[in-house]
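Source file: data_20.cif. Holds: mmCIF, C-alpha atoms; chains and numbers go by the auth columns.
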```cif
data_data
loop_
_atom_site.group_PDB
_atom_site.id
_atom_site.type_symbol
_atom_site.label_atom_id
_atom_site.label_comp_id
_atom_site.label_asym_id
_atom_site.label_seq_id
_atom_site.Cartn_x
_atom_site.Cartn_y
_atom_site.Cartn_z
_atom_site.B_iso_or_equiv
_atom_site.auth_seq_id
_atom_site.auth_asym_id
ATOM 1 C CA MET A 1 0.000 0.000 0.000 0.00 1 A
ATOM 2 C CA PRO A 2 1.478 3.344 -1.030 0.00 2 A
ATOM 3 C CA LEU A 3 1.678 6.230 1.329 0.00 3 A
ATOM 4 C CA THR A 4 -1.602 7.983 0.745 0.00 4 A
ATOM 5 C CA ASP A 5 -2.330 11.552 1.685 0.00 5 A
ATOM 6 C CA SER A 6 -4.541 10.519 4.545 0.00 6 A
ATOM 7 C CA LEU A 7 -1.975 8.078 5.863 0.00 7 A
ATOM 8 C CA ARG A 8 0.669 10.772 5.633 0.00 8 A
ATOM 9 C CA ASP A 9 -1.570 13.140 7.567 0.00 9 A
ATOM 10 C CA ASP A 10 -2.134 10.467 10.195 0.00 10 A
ATOM 11 C CA LEU A 11 1.605 9.928 10.508 0.00 11 A
ATOM 12 C CA LEU A 12 2.179 13.635 10.978 0.00 12 A
ATOM 13 C CA ALA A 13 -0.597 13.822 13.515 0.00 13 A
ATOM 14 C CA THR A 14 1.012 11.066 15.574 0.00 14 A
ATOM 15 C CA VAL A 15 4.462 12.642 15.667 0.00 15 A
ATOM 16 C CA PRO A 16 3.812 14.919 18.666 0.00 16 A
ATOM 17 C CA SER A 17 2.704 12.075 20.912 0.00 17 A
ATOM 18 C CA LEU A 18 5.430 9.795 19.568 0.00 18 A
ATOM 19 C CA ARG A 19 7.976 12.399 20.632 0.00 19 A
ATOM 20 C CA ALA A 20 6.367 12.748 24.025 0.00 20 A
ATOM 21 C CA PHE A 21 6.489 8.989 24.464 0.00 21 A
ATOM 22 C CA ALA A 22 10.128 8.858 23.373 0.00 22 A
ATOM 23 C CA ILE A 23 11.159 11.666 25.705 0.00 23 A
ATOM 24 C CA SER A 24 9.221 10.175 28.595 0.00 24 A
ATOM 25 C CA LEU A 25 10.896 6.828 28.027 0.00 25 A
ATOM 26 C CA SER A 26 14.427 8.012 27.466 0.00 26 A
ATOM 27 C CA GLY A 27 14.595 11.238 29.435 0.00 27 A
ATOM 28 C CA ASN A 28 16.746 12.691 26.705 0.00 28 A
ATOM 29 C CA ALA A 29 15.343 14.922 23.988 0.00 29 A
ATOM 30 C CA ASP A 30 18.081 14.385 21.422 0.00 30 A
ATOM 31 C CA ARG A 31 17.927 10.677 21.750 0.00 31 A
ATOM 32 C CA ALA A 32 14.157 10.829 21.661 0.00 32 A
ATOM 33 C CA ASP A 33 14.141 12.641 18.347 0.00 33 A
ATOM 34 C CA ASP A 34 16.571 10.122 16.912 0.00 34 A
ATOM 35 C CA LEU A 35 14.192 7.408 18.033 0.00 35 A
ATOM 36 C CA VAL A 36 11.258 9.155 16.402 0.00 36 A
ATOM 37 C CA GLN A 37 13.207 9.581 13.188 0.00 37 A
ATOM 38 C CA GLU A 38 14.161 5.932 13.091 0.00 38 A
ATOM 39 C CA THR A 39 10.610 4.944 13.909 0.00 39 A
ATOM 40 C CA LEU A 40 9.261 6.982 11.002 0.00 40 A
ATOM 41 C CA LEU A 41 11.841 5.582 8.601 0.00 41 A
ATOM 42 C CA ARG A 42 11.009 2.088 9.666 0.00 42 A
ATOM 43 C CA ALA A 43 7.296 2.685 9.467 0.00 43 A
ATOM 44 C CA LEU A 44 7.602 4.133 5.993 0.00 44 A
ATOM 45 C CA ALA A 45 9.826 1.289 4.856 0.00 45 A
ATOM 46 C CA ASN A 46 7.289 -1.219 6.143 0.00 46 A
ATOM 47 C CA ILE A 47 4.156 0.673 5.299 0.00 47 A
ATOM 48 C CA ASP A 48 2.998 -2.300 3.238 0.00 48 A
ATOM 49 C CA SER A 49 2.564 -4.303 6.381 0.00 49 A
ATOM 50 C CA PHE A 50 0.306 -1.732 7.977 0.00 50 A
ATOM 51 C CA GLN A 51 -3.334 -2.718 7.809 0.00 51 A
ATOM 52 C CA PRO A 52 -5.413 0.227 6.641 0.00 52 A
ATOM 53 C CA GLY A 53 -7.976 1.092 9.240 0.00 53 A
ATOM 54 C CA SER A 54 -6.073 -0.431 12.117 0.00 54 A
ATOM 55 C CA ASN A 55 -4.592 1.591 14.933 0.00 55 A
ATOM 56 C CA LEU A 56 -1.757 3.638 13.426 0.00 56 A
ATOM 57 C CA PRO A 57 -0.592 5.227 16.698 0.00 57 A
ATOM 58 C CA ALA A 58 -0.406 1.806 18.361 0.00 58 A
ATOM 59 C CA TRP A 59 1.602 0.487 15.426 0.00 59 A
ATOM 60 C CA LEU A 60 4.046 3.394 15.567 0.00 60 A
ATOM 61 C CA PHE A 61 4.364 3.225 19.345 0.00 61 A
ATOM 62 C CA THR A 62 5.156 -0.474 19.060 0.00 62 A
ATOM 63 C CA ILE A 63 7.973 0.239 16.612 0.00 63 A
ATOM 64 C CA LEU A 64 9.371 3.011 18.784 0.00 64 A
ATOM 65 C CA ARG A 65 9.113 0.992 21.954 0.00 65 A
ATOM 66 C CA ASN A 66 10.987 -1.934 20.388 0.00 66 A
ATOM 67 C CA LEU A 67 13.658 0.364 19.005 0.00 67 A
ATOM 68 C CA PHE A 68 14.073 1.971 22.382 0.00 68 A
ATOM 69 C CA ARG A 69 14.463 -1.334 24.130 0.00 69 A
ATOM 70 C CA SER A 70 17.108 -2.630 21.766 0.00 70 A
ATOM 71 C CA ASP A 71 18.836 0.742 21.885 0.00 71 A
ATOM 72 C CA TYR A 72 18.601 0.812 25.654 0.00 72 A
ATOM 73 C CA ARG A 73 20.364 -2.492 26.011 0.00 73 A
ATOM 74 C CA LYS A 74 23.235 -1.137 23.967 0.00 74 A
ATOM 75 C CA ARG A 75 23.475 2.128 25.790 0.00 75 A
ATOM 76 C CA ARG A 76 22.676 1.333 29.354 0.00 76 A
ATOM 77 C CA ARG A 77 26.262 1.817 30.369 0.00 77 A
ATOM 78 C CA GLU A 78 26.519 5.228 28.829 0.00 78 A
ATOM 79 C CA VAL A 79 26.052 8.388 30.780 0.00 79 A
ATOM 80 C CA GLU A 80 22.451 9.337 31.230 0.00 80 A
ATOM 81 C CA ASP A 81 21.822 13.018 31.104 0.00 81 A
ATOM 82 C CA ALA A 82 18.199 12.972 31.960 0.00 82 A
ATOM 83 C CA ASP A 83 17.219 16.262 33.462 0.00 83 A
ATOM 84 C CA GLY A 84 19.496 18.818 31.897 0.00 84 A
ATOM 85 C CA VAL A 85 19.036 18.045 28.239 0.00 85 A
ATOM 86 C CA TYR A 86 15.363 17.418 28.570 0.00 86 A
ATOM 87 C CA ALA A 87 14.616 20.522 30.568 0.00 87 A
ATOM 88 C CA SER A 88 16.609 22.683 28.184 0.00 88 A
ATOM 89 C CA THR A 89 14.362 21.711 25.293 0.00 89 A
ATOM 90 C CA LEU A 90 11.166 22.861 26.865 0.00 90 A
ATOM 91 C CA LYS A 91 9.736 25.806 25.056 0.00 91 A
ATOM 92 C CA SER A 92 8.228 27.353 28.125 0.00 92 A
ATOM 93 C CA GLN A 93 10.225 26.988 31.264 0.00 93 A
ATOM 94 C CA PRO A 94 7.925 26.514 34.184 0.00 94 A
ATOM 95 C CA ALA A 95 8.207 28.746 37.203 0.00 95 A
ATOM 96 C CA GLN A 96 10.899 27.853 39.676 0.00 96 A
ATOM 97 C CA ASN A 97 8.802 25.896 42.146 0.00 97 A
ATOM 98 C CA ALA A 98 6.963 24.062 39.452 0.00 98 A
ATOM 99 C CA HIS A 99 10.243 23.390 37.762 0.00 99 A
ATOM 100 C CA LEU A 100 11.724 21.786 40.855 0.00 100 A
ATOM 101 C CA GLU A 101 8.662 19.671 41.270 0.00 101 A
ATOM 102 C CA PHE A 102 8.937 18.696 37.641 0.00 102 A
ATOM 103 C CA GLU A 103 12.578 17.669 38.061 0.00 103 A
ATOM 104 C CA GLU A 104 11.689 15.560 41.063 0.00 104 A
ATOM 105 C CA PHE A 105 8.936 13.882 39.151 0.00 105 A
ATOM 106 C CA ARG A 106 11.192 13.236 36.182 0.00 106 A
ATOM 107 C CA ALA A 107 13.867 11.762 38.457 0.00 107 A
ATOM 108 C CA ALA A 108 11.345 9.514 40.185 0.00 108 A
ATOM 109 C CA LEU A 109 9.994 8.328 36.848 0.00 109 A
ATOM 110 C CA ASP A 110 13.509 7.418 35.779 0.00 110 A
ATOM 111 C CA LYS A 111 13.860 5.220 38.843 0.00 111 A
ATOM 112 C CA LEU A 112 11.010 2.963 37.807 0.00 112 A
ATOM 113 C CA PRO A 113 11.814 -0.333 36.165 0.00 113 A
ATOM 114 C CA GLN A 114 11.436 0.077 32.434 0.00 114 A
ATOM 115 C CA ASP A 115 8.446 -2.271 32.165 0.00 115 A
ATOM 116 C CA GLN A 116 6.548 -0.236 34.697 0.00 116 A
ATOM 117 C CA ARG A 117 7.546 3.112 33.284 0.00 117 A
ATOM 118 C CA GLU A 118 6.405 2.344 29.771 0.00 118 A
ATOM 119 C CA ALA A 119 3.133 0.853 30.987 0.00 119 A
ATOM 120 C CA LEU A 120 2.391 3.890 33.103 0.00 120 A
ATOM 121 C CA ILE A 121 3.175 6.319 30.278 0.00 121 A
ATOM 122 C CA LEU A 122 1.119 4.446 27.704 0.00 122 A
ATOM 123 C CA VAL A 123 -1.941 4.232 29.920 0.00 123 A
ATOM 124 C CA GLY A 124 -1.583 7.329 32.064 0.00 124 A
ATOM 125 C CA ALA A 125 -0.267 9.853 29.554 0.00 125 A
ATOM 126 C CA SER A 126 -0.686 8.567 26.002 0.00 126 A
ATOM 127 C CA GLY A 127 -4.227 7.523 26.772 0.00 127 A
ATOM 128 C CA PHE A 128 -4.068 4.023 25.355 0.00 128 A
ATOM 129 C CA SER A 129 -6.477 1.420 26.657 0.00 129 A
ATOM 130 C CA TYR A 130 -5.025 -1.411 28.717 0.00 130 A
ATOM 131 C CA GLU A 131 -5.644 -3.634 25.707 0.00 131 A
ATOM 132 C CA ASP A 132 -3.707 -1.404 23.315 0.00 132 A
ATOM 133 C CA ALA A 133 -0.904 -0.954 25.810 0.00 133 A
ATOM 134 C CA ALA A 134 -0.684 -4.721 26.196 0.00 134 A
ATOM 135 C CA ALA A 135 -0.470 -5.144 22.424 0.00 135 A
ATOM 136 C CA ILE A 136 2.256 -2.480 22.220 0.00 136 A
ATOM 137 C CA CYS A 137 4.287 -4.140 24.953 0.00 137 A
ATOM 138 C CA GLY A 138 3.579 -7.668 23.774 0.00 138 A
ATOM 139 C CA CYS A 139 2.181 -8.889 27.058 0.00 139 A
ATOM 140 C CA ALA A 140 -1.111 -9.781 28.699 0.00 140 A
ATOM 141 C CA VAL A 141 -3.632 -7.147 29.735 0.00 141 A
ATOM 142 C CA GLY A 142 -3.368 -8.274 33.345 0.00 142 A
ATOM 143 C CA THR A 143 0.368 -7.775 33.211 0.00 143 A
ATOM 144 C CA ILE A 144 -0.075 -4.192 32.042 0.00 144 A
ATOM 145 C CA LYS A 145 -2.554 -3.505 34.811 0.00 145 A
ATOM 146 C CA SER A 146 -0.231 -4.812 37.456 0.00 146 A
ATOM 147 C CA ARG A 147 2.722 -2.886 36.026 0.00 147 A
ATOM 148 C CA VAL A 148 0.728 0.336 36.055 0.00 148 A
ATOM 149 C CA ASN A 149 -0.328 -0.281 39.642 0.00 149 A
ATOM 150 C CA ARG A 150 3.197 -1.017 40.752 0.00 150 A
ATOM 151 C CA ALA A 151 4.460 2.059 38.933 0.00 151 A
ATOM 152 C CA ARG A 152 1.929 4.271 40.715 0.00 152 A
ATOM 153 C CA THR A 153 2.719 2.751 44.067 0.00 153 A
ATOM 154 C CA LYS A 154 6.425 3.224 43.589 0.00 154 A
ATOM 155 C CA LEU A 155 6.122 6.788 42.332 0.00 155 A
ATOM 156 C CA SER A 156 3.945 7.686 45.237 0.00 156 A
ATOM 157 C CA ALA A 157 6.482 6.170 47.613 0.00 157 A
ATOM 158 C CA LEU A 158 9.347 8.018 45.951 0.00 158 A
ATOM 159 C CA LEU A 159 7.604 11.354 45.770 0.00 159 A
ATOM 160 C CA TYR A 160 5.287 11.548 48.712 0.00 160 A
ATOM 161 C CA VAL A 161 6.323 9.101 51.372 0.00 161 A
ATOM 162 C CA GLU A 162 10.099 8.844 51.403 0.00 162 A
ATOM 163 C CA GLY A 163 10.302 12.461 50.388 0.00 163 A
ATOM 164 C CA ALA A 164 8.110 13.753 53.172 0.00 164 A
ATOM 165 C CA GLY A 165 10.191 16.905 52.978 0.00 165 A
ATOM 166 C CA ASP A 166 8.155 17.886 49.964 0.00 166 A
ATOM 167 C CA PHE A 167 5.658 19.448 52.207 0.00 167 A
ATOM 168 C CA GLY A 168 7.982 21.142 54.619 0.00 168 A
ATOM 169 C CA PRO A 169 11.224 23.069 54.427 0.00 169 A
ATOM 170 C CA ASP A 170 13.699 21.632 51.995 0.00 170 A
ATOM 171 C CA ASP A 171 17.016 20.103 53.009 0.00 171 A
ATOM 172 C CA THR A 172 18.923 23.355 52.897 0.00 172 A
ATOM 173 C CA VAL A 173 16.425 25.190 55.012 0.00 173 A
ATOM 174 C CA ARG A 174 16.274 22.301 57.426 0.00 174 A
ATOM 175 C CA ALA A 175 20.043 22.223 57.689 0.00 175 A
ATOM 176 C CA VAL A 176 20.112 25.923 58.500 0.00 176 A
ATOM 177 C CA ILE A 177 17.366 25.595 61.065 0.00 177 A
ATOM 178 C CA GLY A 178 19.038 22.500 62.463 0.00 178 A
ATOM 179 C CA SER A 179 22.437 24.139 62.815 0.00 179 A
ATOM 180 C CA GLY A 180 20.821 27.130 64.537 0.00 180 A
ATOM 181 C CA LYS A 181 19.299 24.947 67.136 0.00 181 A
ATOM 182 C CA GLY A 182 22.399 22.860 67.624 0.00 182 A
ATOM 183 C CA MET B 1 5.143 30.738 48.308 0.00 1 B
ATOM 184 C CA LYS B 2 5.667 28.155 50.965 0.00 2 B
ATOM 185 C CA ASP B 3 2.862 27.163 53.215 0.00 3 B
ATOM 186 C CA SER B 4 3.688 23.890 54.806 0.00 4 B
ATOM 187 C CA LYS B 5 0.276 22.614 55.661 0.00 5 B
ATOM 188 C CA PRO B 6 0.421 19.491 57.748 0.00 6 B
ATOM 189 C CA GLN B 7 -2.513 17.898 55.929 0.00 7 B
ATOM 190 C CA ALA B 8 -0.558 16.568 52.965 0.00 8 B
ATOM 191 C CA ALA B 9 2.317 15.100 54.915 0.00 9 B
ATOM 192 C CA ARG B 10 0.368 12.066 55.939 0.00 10 B
ATOM 193 C CA ALA B 11 1.644 8.936 54.273 0.00 11 B
ATOM 194 C CA PRO B 12 -0.969 6.583 52.927 0.00 12 B
ATOM 195 C CA LYS B 13 -1.387 3.312 54.715 0.00 13 B
ATOM 196 C CA GLY B 14 -1.965 0.248 52.621 0.00 14 B
ATOM 197 C CA GLY B 15 -3.934 1.576 49.662 0.00 15 B
ATOM 198 C CA LEU B 16 -2.943 4.552 47.609 0.00 16 B
ATOM 199 C CA ASN B 17 -4.206 7.883 48.599 0.00 17 B
ATOM 200 C CA THR B 18 -6.423 9.140 45.770 0.00 18 B
ATOM 201 C CA GLU B 19 -5.145 12.673 46.152 0.00 19 B
ATOM 202 C CA ILE B 20 -1.598 11.483 45.577 0.00 20 B
ATOM 203 C CA GLN B 21 -2.709 9.378 42.642 0.00 21 B
ATOM 204 C CA ALA B 22 -4.424 12.352 41.077 0.00 22 B
ATOM 205 C CA ARG B 23 -1.298 14.384 41.544 0.00 23 B
ATOM 206 C CA ILE B 24 0.908 11.764 39.918 0.00 24 B
ATOM 207 C CA GLY B 25 -1.487 11.501 37.000 0.00 25 B
ATOM 208 C CA HIS B 26 -1.493 15.244 36.618 0.00 26 B
ATOM 209 C CA GLN B 27 2.294 15.511 36.666 0.00 27 B
ATOM 210 C CA LEU B 28 2.671 12.690 34.201 0.00 28 B
ATOM 211 C CA ARG B 29 0.288 14.290 31.737 0.00 29 B
ATOM 212 C CA ALA B 30 1.808 17.730 32.240 0.00 30 B
ATOM 213 C CA MET B 31 5.232 16.368 31.344 0.00 31 B
ATOM 214 C CA TYR B 32 3.865 14.540 28.331 0.00 32 B
ATOM 215 C CA ASP B 33 1.608 17.283 27.043 0.00 33 B
ATOM 216 C CA ASP B 34 4.404 19.792 27.239 0.00 34 B
ATOM 217 C CA VAL B 35 6.087 17.879 24.448 0.00 35 B
ATOM 218 C CA VAL B 36 2.876 17.190 22.530 0.00 36 B
ATOM 219 C CA ARG B 37 2.204 20.913 22.390 0.00 37 B
ATOM 220 C CA GLN B 38 5.479 21.473 20.569 0.00 38 B
ATOM 221 C CA GLY B 39 3.768 20.017 17.504 0.00 39 B
ATOM 222 C CA VAL B 40 5.657 18.514 14.597 0.00 40 B
ATOM 223 C CA PRO B 41 9.240 19.721 14.265 0.00 41 B
ATOM 224 C CA GLU B 42 10.094 20.688 10.710 0.00 42 B
ATOM 225 C CA ARG B 43 12.620 17.875 10.609 0.00 43 B
ATOM 226 C CA PHE B 44 9.883 15.257 10.758 0.00 44 B
ATOM 227 C CA ALA B 45 7.414 17.075 8.566 0.00 45 B
ATOM 228 C CA GLU B 46 10.097 17.264 5.909 0.00 46 B
ATOM 229 C CA LEU B 47 11.036 13.629 6.341 0.00 47 B
ATOM 230 C CA ILE B 48 7.475 12.500 5.755 0.00 48 B
ATOM 231 C CA ARG B 49 7.095 14.877 2.792 0.00 49 B
ATOM 232 C CA LYS B 50 10.301 13.737 1.168 0.00 50 B
ATOM 233 C CA LEU B 51 9.544 10.063 1.436 0.00 51 B
ATOM 234 C CA ASP B 52 6.125 10.687 0.056 0.00 52 B
ATOM 235 C CA ALA B 53 7.514 12.064 -3.169 0.00 53 B
ATOM 236 C CA PRO B 54 7.180 9.544 -6.001 0.00 54 B
ATOM 237 C CA GLY B 55 10.374 7.824 -7.003 0.00 55 B
ATOM 238 C CA VAL B 56 12.236 8.789 -3.884 0.00 56 B
ATOM 239 C CA GLN B 57 13.579 5.893 -1.914 0.00 57 B
ATOM 240 C CA SER B 58 14.241 6.009 1.769 0.00 58 B
ATOM 241 C CA GLY B 59 17.842 7.091 1.924 0.00 59 B
ATOM 242 C CA ALA B 60 19.369 8.684 4.944 0.00 60 B
ATOM 243 C CA ASP B 61 20.355 11.920 3.298 0.00 61 B
ATOM 244 C CA GLY B 62 20.837 13.747 0.057 0.00 62 B
ATOM 245 C CA VAL B 63 17.499 12.738 -1.363 0.00 63 B
ATOM 246 C CA ALA B 64 15.893 16.128 -1.113 0.00 64 B
ATOM 247 C CA PRO B 65 15.264 17.842 -4.415 0.00 65 B
ATOM 248 C CA ALA B 66 15.982 21.028 -2.498 0.00 66 B
ATOM 249 C CA GLY B 67 13.247 22.954 -4.169 0.00 67 B
ATOM 250 C CA ASP B 68 10.572 25.105 -2.634 0.00 68 B
ATOM 251 C CA ASP B 69 7.861 23.073 -4.235 0.00 69 B
ATOM 252 C CA MET B 70 5.775 23.140 -1.160 0.00 70 B
ATOM 253 C CA SER B 71 3.207 25.581 -2.437 0.00 71 B
ATOM 254 C CA ALA B 72 1.409 23.104 -4.626 0.00 72 B
ATOM 255 C CA ASN B 73 0.692 20.183 -2.403 0.00 73 B
ATOM 256 C CA ASP B 74 1.624 21.111 1.075 0.00 74 B
ATOM 257 C CA LYS B 75 -1.362 20.270 3.119 0.00 75 B
ATOM 258 C CA GLN B 76 -1.230 21.391 6.668 0.00 76 B
ATOM 259 C CA GLY B 77 -2.974 18.801 8.709 0.00 77 B
ATOM 260 C CA ARG B 78 -3.701 21.178 11.521 0.00 78 B
ATOM 261 C CA ASP B 79 -6.995 22.012 12.945 0.00 79 B
#
```

Entire entry expressed as structure tokens:
Amino acid sequence: MPLTDSLRDDLLATVPSLRAFAISLSGNADRADDLVQETLLRALANIDSFQPGSNLPAWLFTILRNLFRSDYRKRRREVEDADGVYASTLKSQPAQNAHLEFEEFRAALDKLPQDQREALILVGASGFSYEDAAAICGCAVGTIKSRVNRARTKLSALLYVEGAGDFGPDDTVRAVIGSGKG
Amino acid sequence: MKDSKPQAARAPKGGLNTEIQARIGHQLRAMYDDVVRQGVPERFAELIRKLDAPGVQSGADGVAPAGDDMSANDKQGRD
């Protein structure tokens, strides 16, 4: 099947969320855009195998997710520059407090096991159904559900239980107060 | 703006606090949507255009006819 106008439009329309998925997975904007590029090239090269009328975003996300996982295995030993590169690409820098909160969230997300992180992003941010997410990840629906639950539990522990300081003075302030009181 | 209200500092026991869950969901979508709102970078729009051109095979580079032939059939798929 040739690349029709409508298919081309659908591809373009999926690019923004593909990028968001790639950045959420990798934490690195440059790497994410390379992933998106490779995904598009692969999709276009294999466009014959795409069934018209089936879920194009799910198909593209599957390609990107598989590319990321094979890429990740190769690169896991390399330096991860999660926060800096990603934050610097944002068009609108959030206000300072929001920005700190954002960095904390990003760091916590990066601490999740990869299976849980991708499941959470697909369901919680990309808006895929559990069924679609399971197809993208090549696992059972129940597995996706349990990964999402574990991801939420772990994030909540990282952000709101262990880091109880979120709601009080931060470490620096506490250190100053602490040293004042002896 | 720091008001350290004691209400939020309570850790959930057993099940997940719905307020915390809502907050995590919100942060996750905020992070994601920030990128979605950036739209389609020209790099990708051009890639899809180029490979759409008849007779052009998917090469890594140097396949662009380098013309400004966008006026005729450049359809912006925006709404």

When you count only C-alpha atoms, which of these residues is closest to Gln37 of chain A: A:Leu12, A:Leu158, A:Ile136, A:Leu122?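 Checking each of A:Leu12, A:Leu158, A:Ile136, A:Leu122 against Gln37 of chain A, counting only C-alpha atoms, the winner is A:Leu12.
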
Using only C-alpha atoms and a distance of at most 9 Å, pull out the residues of chain A that contact chain B, as number ranges by chain. A: 2-5, 8-21, 23-24, 36-37, 40-41, 44-45, 90-92, 97, 101-102, 105-106, 109, 120-121, 124-126, 152-153, 155-157, 159-162, 164-169

Would you compute the distance between atom CA of Gly142 of chain A and atom CA of Tyr130 of chain A? Give it in Å to one decimal. 8.4 Å

Excluding same-chain residues fewer than 3 positions from segment 65-67 of chain A, what lies within 12 Å of it counting only C-alpha atoms, as a ChimeraX atom specification? /A:18-19,21-26,31-32,34-43,57-62,70-74,114-115,117-119,121-122,133,135-138

Just the number, please: distance in Å from atom CA of His99 of chain A to atom CA of Arg150 of chain A, one decimal.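 Distance reported for this atom pair: 25.6 Å.
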
May I ask for the distance between atom CA of Gly53 of chain A and atom CA of Val123 of chain A, given in Å to one decimal place?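 Atom CA of Val123 of chain A lies at a distance of 21.8 Å from atom CA of Gly53 of chain A.
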